[in-house]
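File shown: model36.txt (compact mmCIF, C-alpha atoms).
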# COMPACT_ATOMS: atom_id res chain seq x y z
CA MET A 135 162.27 155.51 88.74
CA PRO A 136 164.40 152.52 87.67
CA SER A 137 163.64 150.69 84.47
CA CYS A 138 163.96 147.02 83.59
CA LEU A 139 167.25 146.15 81.87
CA ILE A 140 165.47 143.79 79.52
CA CYS A 141 162.19 145.46 78.45
CA HIS A 142 163.14 149.03 79.44
CA MET A 143 159.73 149.64 81.07
CA ASP A 144 159.53 151.36 84.45
CA ILE A 145 159.77 149.22 87.56
CA GLU A 146 157.03 150.27 89.94
CA ASP A 147 157.82 149.99 93.64
CA SER A 148 154.33 150.11 95.13
CA GLY A 149 150.76 149.20 94.32
CA LYS A 150 148.51 146.17 94.31
CA ASP A 151 149.05 144.91 90.75
CA VAL A 152 152.75 145.67 90.51
CA GLU A 153 154.92 143.00 88.92
CA LYS A 154 157.72 141.67 91.12
CA SER A 155 161.23 142.69 90.27
CA TYR A 156 164.66 141.38 91.19
CA ASN A 157 168.12 142.90 91.42
CA CYS A 158 171.45 141.36 90.53
CA PRO A 159 174.30 141.65 93.08
CA ASN A 160 175.13 145.08 91.62
CA GLY A 161 171.55 146.33 91.99
CA HIS A 162 170.45 146.20 88.33
CA SER A 163 166.66 145.76 88.26
CA VAL A 164 164.58 143.45 86.06
CA HIS A 165 160.92 142.41 86.05
CA GLU A 166 160.15 138.88 87.21
CA SER A 167 158.68 137.90 83.82
CA CYS A 168 161.65 139.39 81.96
CA LEU A 169 164.14 137.57 84.19
CA ALA A 170 162.20 134.34 83.72
CA GLU A 171 162.63 134.58 79.94
CA TRP A 172 166.26 135.69 80.28
CA SER A 173 167.07 132.83 82.67
CA LEU A 174 166.26 130.31 79.95
CA HIS A 175 169.44 131.55 78.24
CA SER A 176 171.65 132.74 81.10
CA PRO A 177 171.74 132.88 84.93
CA LYS A 178 173.72 136.15 84.74
CA CYS A 179 172.72 139.81 84.76
CA PRO A 180 172.35 141.07 81.18
CA LEU A 181 174.31 144.23 82.03
CA CYS A 182 177.17 143.30 84.36
CA ASP A 183 177.34 139.50 83.85
CA LYS A 184 177.15 138.76 87.60
CA ASP A 185 175.33 135.57 88.63
CA TYR A 186 171.92 135.96 90.24
CA ASP A 187 171.85 134.32 93.67
CA SER A 188 170.41 130.82 94.11
CA TYR A 189 167.34 132.13 96.00
CA THR A 190 166.40 134.41 93.09
CA MET A 191 166.91 131.64 90.54
CA ALA A 192 164.77 129.25 92.62
CA LYS A 193 161.97 131.86 92.70
CA ILE A 194 162.23 132.29 88.93
CA LYS A 195 162.12 128.51 88.42
CA THR A 196 158.92 128.38 90.50
CA TYR A 197 157.48 131.27 88.48
CA LEU A 198 158.16 129.41 85.22
CA GLU A 199 156.65 126.18 86.55
CA GLN A 200 153.47 128.00 87.60
CA LYS A 201 153.19 129.58 84.13
CA GLU A 202 153.03 126.15 82.45
Mind turning this structure into structure tokens?
Amino acid sequence: MPSCLICHMDIEDSGKDVEKSYNCPNGHSVHESCLAEWSLHSPKCPLCDKDYDSYTMAKIKTYLEQKE
């Protein structure tokens, strides 16, 4: 089972209350909430430094706005 690059917790791939996750272009997985925090500092993958795509960043922006 993959783990989040940021918090190192497992990323679940099924279930009702599972947190969303995203992958960078190289397939590195992160939780939505972890990526939201990370994106405040950088739009790049914490492991490979590749930019997340604009769709993913728009989803994260919406997530942050809904949290406020």
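Taking only C-alpha atoms, the non-local environment of Tyr156 of chain A within 7 Å (same-chain residues fewer than 4 positions away omitted) comprises A:Ser163, A:Val164, A:His165, A:Glu166.
Using all atoms listed in the file, the nearest neighbour of Lys154 of chain A within the list A:Glu171, A:Pro177, A:Glu202, A:Ile194 is A:Ile194.
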Problem set entry | Residue neighbourhood Lys184 of chain A, 10 Å, only C-alpha atoms, exclusion window fewer than 3 positions, as an NGL selection string | :A and (158-160 or 177-181 or 187)
Problem set entry | For Cys141 of chain A: contacts at 10 Å, all atoms listed in the file, fewer than 2 positions along chain excluded, given as number ranges by chain | A: 137-139, 143-144, 164-165, 167-169
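Distance annotation: of A:Ile145, A:Cys182, A:Met135, A:Ala170, the residue with the minimal separation from Leu198 of chain A is A:Ala170; atom set is all atoms listed in the file.
With all atoms listed in the file as the basis for measurement, A:Asn157 is the residue among A:Pro136, A:His142, A:Asn157, A:Leu174 that approaches Tyr189 of chain A most closely.
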For this session: Just give me the gap between atom CA of His175 of chain A and atom CA of Glu153 of chain A in Å, one decimal is fine.
Result: 21.4 Å
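The spacing separating atom CA of Ile140 of chain A from atom CA of Met191 of chain A amounts to 16.5 Å.
Going from atom CA of Ser176 of chain A over to atom CA of Gln200 of chain A, you cover 19.9 Å.
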Problem set entry | Proximity to His162 of chain A - best of A:Asp183, A:Glu146, A:Ser188, A:Tyr197, all atoms listed in the file | A:Asp183
